[in-house]
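K.L.:
Got a structure for you, questions after.
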Amino acid sequence: MSDRGVDVLAIAAHCDDVELTCGGTLVRCAEQGYRTGVIDLTEGEMGTRGSATLRAEEAARAADVLGLTVRLNAGLPDAGLFNNQENRERLATMIRELRPRVLILPYFRGRHPDHRVAAELGRDAAFLAGLKRFGPPEPPAHKPRKVLYALSYREDPVKPTFVVHLEEEHFRRKMEAIRCFASQFDGSDAAGEIFPTGQPLYELVETQGRHYGSLIRSSYGEPFYTEETVRIDDIVEMPVRSL
Ligand SMILES: [Zn+2]
């Protein structure tokens, strides 16, 4: 494994996406001793607020708060993300360098087209990264074994496959990482897939985090979806009460 190798890699369209959708899970994984990484696919240069330079500085600060081992930017065009062969090759090479065991992607539906494309592009690039004859021989082929879709803020009629339980401290650090993006979120009441309710954005993220926590009878949580079925070996010890 290279120095930059990670156990868990989150890929998202814009700097600040992973903080909103799976920041608490990344904090928790790092605390559990796993090496965590993020690839932001674009530099967010089309954002209404701030600038690409400012967002890069904010992303670096947030990476420290999340305890990431590595945070890279693929430099693809913001608001013009495509799942084409050139972008798959670029991302597959980055995945081969980082050699993640688990990949976290955005959910494959979204109001921002970049979010939808990031989900497809990430999954396809990860598959191709595992083909020995795809692309240059170095870095060597590598395929993550698990793909999780971050489901936070989605309204689609799909239940999360599971919710990651977050302790108070994990959620506090998620919020701290989100607040690093002051240029995007200070004074804001909506972002990405989060529709406005009149609450300040930070409060809205907390409300949603508490809602997902309530689904597993805990204070805070982050929801995920997997295409494959979760295996259970002991039905007597299954968590989350039914009655
Ligand atoms: Zn985004």
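Ordering of the structure tokens sets the chain letters (A, B, ...), residue numbers begin anew at 1 in every chain, and ligands are numbered from 1 in the order given.
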Would you pick out the contacts of stretch 101-114 of chain A at 9 Å or less, using only C-alpha atoms, so that residues sharing its chain but fewer than 5 positions from it are not included, and give the list as an MDAnalysis selection string?

P.N.:
chainID A and resid 6:14 17:18 21:22 78:82 119:120 122:123 126 143:152 154 156 192:193 224:225

K.L.:
I want to know what sits within 12 Å of A:Val70, based on only C-alpha atoms, with residues of the same chain fewer than 6 positions away left out; could you give that as a ChimeraX atom specification?

P.N.:
/A:2-11,26,30,35-40,59-60,62-64,94,97-98,100

K.L.:
Using only C-alpha atoms, please write the residues we just selected to a file, as a compact mmCIF listing (two decimals), in the first residue's frame.

P.N.:
# COMPACT_ATOMS: atom_id res chain seq x y z
CA SER A 2 1.31 3.45 -0.91
CA ASP A 3 1.73 6.15 1.75
CA ARG A 4 -1.51 7.65 0.56
CA GLY A 5 -3.45 4.38 0.75
CA VAL A 6 -6.78 4.58 2.60
CA ASP A 7 -9.39 2.21 4.00
CA VAL A 8 -12.35 4.46 3.26
CA LEU A 9 -12.61 6.89 0.34
CA ALA A 10 -15.46 9.36 -0.17
CA ILE A 11 -15.85 10.83 -3.66
CA LEU A 26 -15.58 9.82 8.20
CA ALA A 30 -10.79 7.83 11.59
CA ARG A 35 -7.30 5.76 7.12
CA THR A 36 -9.84 8.00 5.40
CA GLY A 37 -9.63 10.04 2.23
CA VAL A 38 -11.71 12.33 0.04
CA ILE A 39 -11.63 13.11 -3.66
CA ASP A 40 -13.50 16.29 -4.57
CA ALA A 59 -11.51 22.16 2.23
CA ALA A 60 -8.01 21.81 3.69
CA ALA A 62 -12.20 20.77 7.02
CA ALA A 63 -9.93 17.82 6.13
CA ASP A 64 -8.01 18.42 9.38
CA MET A 94 -6.62 8.24 -8.41
CA GLU A 97 -3.28 5.30 -5.97
CA LEU A 98 -5.46 5.42 -2.86
CA PRO A 100 -9.69 2.13 -0.77

K.L.:
Can you list, as a list in words, every protein, DNA or RNA residue that comes within 10 Å of A:Arg179 when you count only C-alpha atoms, leaving out same-chain residues fewer than 5 positions away?

P.N.:
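The filter keeps Asp16, Glu19, Glu58, Arg61, Ala62, Arg173, Lys174, Gln184, Phe185, Asp186 and Tyr202 of chain A.
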
K.L.:
Could you dump the residues just selected with N, CA and C atoms as a PDB file, in the first residue's frame?

P.N.:
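The resulting file, again.pdb, is reproduced below:
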ATOM      1  N   ASP A  16     -17.052  20.383   0.114  1.00  0.00           N
ATOM      2  CA  ASP A  16     -18.118  20.599   1.120  1.00  0.00           C
ATOM      3  C   ASP A  16     -19.255  19.585   1.005  1.00  0.00           C
ATOM      4  N   GLU A  19     -18.737  16.697   3.689  1.00  0.00           N
ATOM      5  CA  GLU A  19     -18.978  17.159   5.057  1.00  0.00           C
ATOM      6  C   GLU A  19     -20.466  17.062   5.375  1.00  0.00           C
ATOM      7  N   GLU A  58     -10.716  26.286   2.551  1.00  0.00           N
ATOM      8  CA  GLU A  58     -11.731  25.776   3.478  1.00  0.00           C
ATOM      9  C   GLU A  58     -11.711  24.249   3.505  1.00  0.00           C
ATOM     10  N   ARG A  61      -8.874  22.955   5.650  1.00  0.00           N
ATOM     11  CA  ARG A  61      -9.173  23.074   7.087  1.00  0.00           C
ATOM     12  C   ARG A  61     -10.172  21.993   7.518  1.00  0.00           C
ATOM     13  N   ALA A  62     -11.193  21.782   6.691  1.00  0.00           N
ATOM     14  CA  ALA A  62     -12.204  20.767   7.021  1.00  0.00           C
ATOM     15  C   ALA A  62     -11.578  19.365   7.055  1.00  0.00           C
ATOM     16  N   ARG A 173     -17.999  17.314  15.506  1.00  0.00           N
ATOM     17  CA  ARG A 173     -16.900  17.524  14.548  1.00  0.00           C
ATOM     18  C   ARG A 173     -17.401  17.622  13.110  1.00  0.00           C
ATOM     19  N   LYS A 174     -18.452  16.918  12.787  1.00  0.00           N
ATOM     20  CA  LYS A 174     -19.068  17.089  11.459  1.00  0.00           C
ATOM     21  C   LYS A 174     -19.494  18.555  11.280  1.00  0.00           C
ATOM     22  N   GLN A 184     -19.495  29.461   1.953  1.00  0.00           N
ATOM     23  CA  GLN A 184     -20.672  28.845   1.342  1.00  0.00           C
ATOM     24  C   GLN A 184     -21.898  28.917   2.235  1.00  0.00           C
ATOM     25  N   PHE A 185     -21.679  28.729   3.535  1.00  0.00           N
ATOM     26  CA  PHE A 185     -22.811  28.399   4.391  1.00  0.00           C
ATOM     27  C   PHE A 185     -23.205  29.460   5.407  1.00  0.00           C
ATOM     28  N   ASP A 186     -22.313  30.403   5.763  1.00  0.00           N
ATOM     29  CA  ASP A 186     -22.690  31.406   6.761  1.00  0.00           C
ATOM     30  C   ASP A 186     -23.869  32.227   6.225  1.00  0.00           C
ATOM     31  N   TYR A 202     -27.099  25.524   9.249  1.00  0.00           N
ATOM     32  CA  TYR A 202     -26.436  24.712  10.281  1.00  0.00           C
ATOM     33  C   TYR A 202     -27.481  23.996  11.154  1.00  0.00           C
TER      34      TYR A 202
END

K.L.:
Would you please extract all helix (DSSP H, G or I) residues from stretch 34-136 of chain A, as assigned by DSSP on the backbone, and give them as a PyMOL selection string?

P.N.:
chain A and resi 52-66+85-98+113-129

K.L.:
Just to be explicit: take each residue in the selection above, keep C-alpha atoms, and write the result as a PDB file, in the first residue's frame.

P.N.:
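Saved the output as result.pdb:
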ATOM      1  CA  ALA A  52     -12.306  28.210  -5.988  1.00  0.00           C
ATOM      2  CA  THR A  53      -9.200  29.393  -4.081  1.00  0.00           C
ATOM      3  CA  LEU A  54     -11.179  30.135  -0.940  1.00  0.00           C
ATOM      4  CA  ARG A  55     -13.008  26.805  -1.151  1.00  0.00           C
ATOM      5  CA  ALA A  56      -9.678  24.962  -1.465  1.00  0.00           C
ATOM      6  CA  GLU A  57      -8.464  26.623   1.761  1.00  0.00           C
ATOM      7  CA  GLU A  58     -11.731  25.776   3.478  1.00  0.00           C
ATOM      8  CA  ALA A  59     -11.512  22.164   2.235  1.00  0.00           C
ATOM      9  CA  ALA A  60      -8.008  21.808   3.686  1.00  0.00           C
ATOM     10  CA  ARG A  61      -9.173  23.074   7.087  1.00  0.00           C
ATOM     11  CA  ALA A  62     -12.204  20.767   7.021  1.00  0.00           C
ATOM     12  CA  ALA A  63      -9.926  17.817   6.133  1.00  0.00           C
ATOM     13  CA  ASP A  64      -8.009  18.416   9.383  1.00  0.00           C
ATOM     14  CA  VAL A  65     -11.219  18.539  11.393  1.00  0.00           C
ATOM     15  CA  LEU A  66     -12.442  15.270   9.834  1.00  0.00           C
ATOM     16  CA  GLN A  85     -13.966   7.778 -20.706  1.00  0.00           C
ATOM     17  CA  GLU A  86     -11.418  10.557 -20.086  1.00  0.00           C
ATOM     18  CA  ASN A  87     -12.856  11.334 -16.648  1.00  0.00           C
ATOM     19  CA  ARG A  88     -13.222   7.632 -15.779  1.00  0.00           C
ATOM     20  CA  GLU A  89      -9.549   7.095 -16.583  1.00  0.00           C
ATOM     21  CA  ARG A  90      -8.451  10.073 -14.494  1.00  0.00           C
ATOM     22  CA  LEU A  91     -10.537   8.988 -11.515  1.00  0.00           C
ATOM     23  CA  ALA A  92      -9.597   5.292 -11.880  1.00  0.00           C
ATOM     24  CA  THR A  93      -5.913   6.266 -11.600  1.00  0.00           C
ATOM     25  CA  MET A  94      -6.619   8.236  -8.413  1.00  0.00           C
ATOM     26  CA  ILE A  95      -8.571   5.285  -6.965  1.00  0.00           C
ATOM     27  CA  ARG A  96      -5.657   2.961  -7.800  1.00  0.00           C
ATOM     28  CA  GLU A  97      -3.278   5.304  -5.968  1.00  0.00           C
ATOM     29  CA  LEU A  98      -5.465   5.424  -2.863  1.00  0.00           C
ATOM     30  CA  PRO A 113     -26.642  17.226 -12.085  1.00  0.00           C
ATOM     31  CA  ASP A 114     -23.040  16.988 -10.802  1.00  0.00           C
ATOM     32  CA  HIS A 115     -24.253  14.945  -7.820  1.00  0.00           C
ATOM     33  CA  ARG A 116     -25.972  12.382 -10.044  1.00  0.00           C
ATOM     34  CA  VAL A 117     -23.006  12.175 -12.399  1.00  0.00           C
ATOM     35  CA  ALA A 118     -20.523  11.880  -9.500  1.00  0.00           C
ATOM     36  CA  ALA A 119     -22.356   8.744  -8.308  1.00  0.00           C
ATOM     37  CA  GLU A 120     -22.167   7.083 -11.739  1.00  0.00           C
ATOM     38  CA  LEU A 121     -18.685   8.283 -12.560  1.00  0.00           C
ATOM     39  CA  GLY A 122     -17.369   7.131  -9.170  1.00  0.00           C
ATOM     40  CA  ARG A 123     -18.878   3.665  -9.474  1.00  0.00           C
ATOM     41  CA  ASP A 124     -17.752   3.145 -13.062  1.00  0.00           C
ATOM     42  CA  ALA A 125     -14.224   4.434 -12.384  1.00  0.00           C
ATOM     43  CA  ALA A 126     -13.940   2.114  -9.360  1.00  0.00           C
ATOM     44  CA  PHE A 127     -14.949  -0.879 -11.463  1.00  0.00           C
ATOM     45  CA  LEU A 128     -12.525   0.001 -14.261  1.00  0.00           C
ATOM     46  CA  ALA A 129      -9.743   0.611 -11.696  1.00  0.00           C
TER      47      ALA A 129
END

K.L.:
Quick one: pick out all strand (DSSP E) residues within stretch 20-164 of chain A from a backbone DSSP run and write them as a PyMOL selection string.

P.N.:
chain A and resi 36-42+70-76+102-106+146-150+162-164

K.L.:
Taking only C-alpha atoms and all ligand atoms into account, which of A:Glu228, A:Glu237, A:Glu43, A:Glu31 comes nearest ligand 1?

P.N.:
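The closest residue to ligand 1 is A:Glu43.
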
K.L.:
By how many Å are atom CA of A:Ser183 and atom CA of A:Gly47 apart?

P.N.:
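Between these atoms lies a distance of 10.2 Å.
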
K.L.:
Find the spatial neighbours of A:Tyr220, counting only C-alpha atoms, within a cut-off of 7 Å - ignore same-chain residues fewer than 3 positions away - and output them as a PyMOL selection string.

P.N.:
chain A and resi 165-167+171+209-210+212-213

K.L.:
So that I have them on file, write out the residues from the current selection with C-alpha atoms, as a PDB file, in the first residue's frame.

P.N.:
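The new file selection-v1.pdb reads:
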ATOM      1  CA  HIS A 165     -24.696   5.788  14.667  1.00  0.00           C
ATOM      2  CA  LEU A 166     -22.864   8.975  15.585  1.00  0.00           C
ATOM      3  CA  GLU A 167     -21.900   9.949  19.106  1.00  0.00           C
ATOM      4  CA  PHE A 171     -21.615  15.051  15.133  1.00  0.00           C
ATOM      5  CA  GLY A 209     -28.868  14.412  11.663  1.00  0.00           C
ATOM      6  CA  ARG A 210     -31.209  13.950  14.619  1.00  0.00           C
ATOM      7  CA  TYR A 212     -31.553   9.907  10.906  1.00  0.00           C
ATOM      8  CA  GLY A 213     -30.407   9.120  14.448  1.00  0.00           C
TER       9      GLY A 213
END

K.L.:
Between A:Thr42, A:Ser219, A:Gln208, A:Thr197, which has the minimum distance to A:Ala74 (counting only C-alpha atoms)?

P.N.:
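Counting only C-alpha atoms, the residue closest to A:Ala74 is A:Thr42.
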
K.L.:
Of the residues A:Gly135, A:Glu203, A:Phe162, A:Ile194, which is the one nearest to ligand 1, using only C-alpha atoms and all ligand atoms?

P.N.:
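Result for the nearest residue to ligand 1: A:Ile194.
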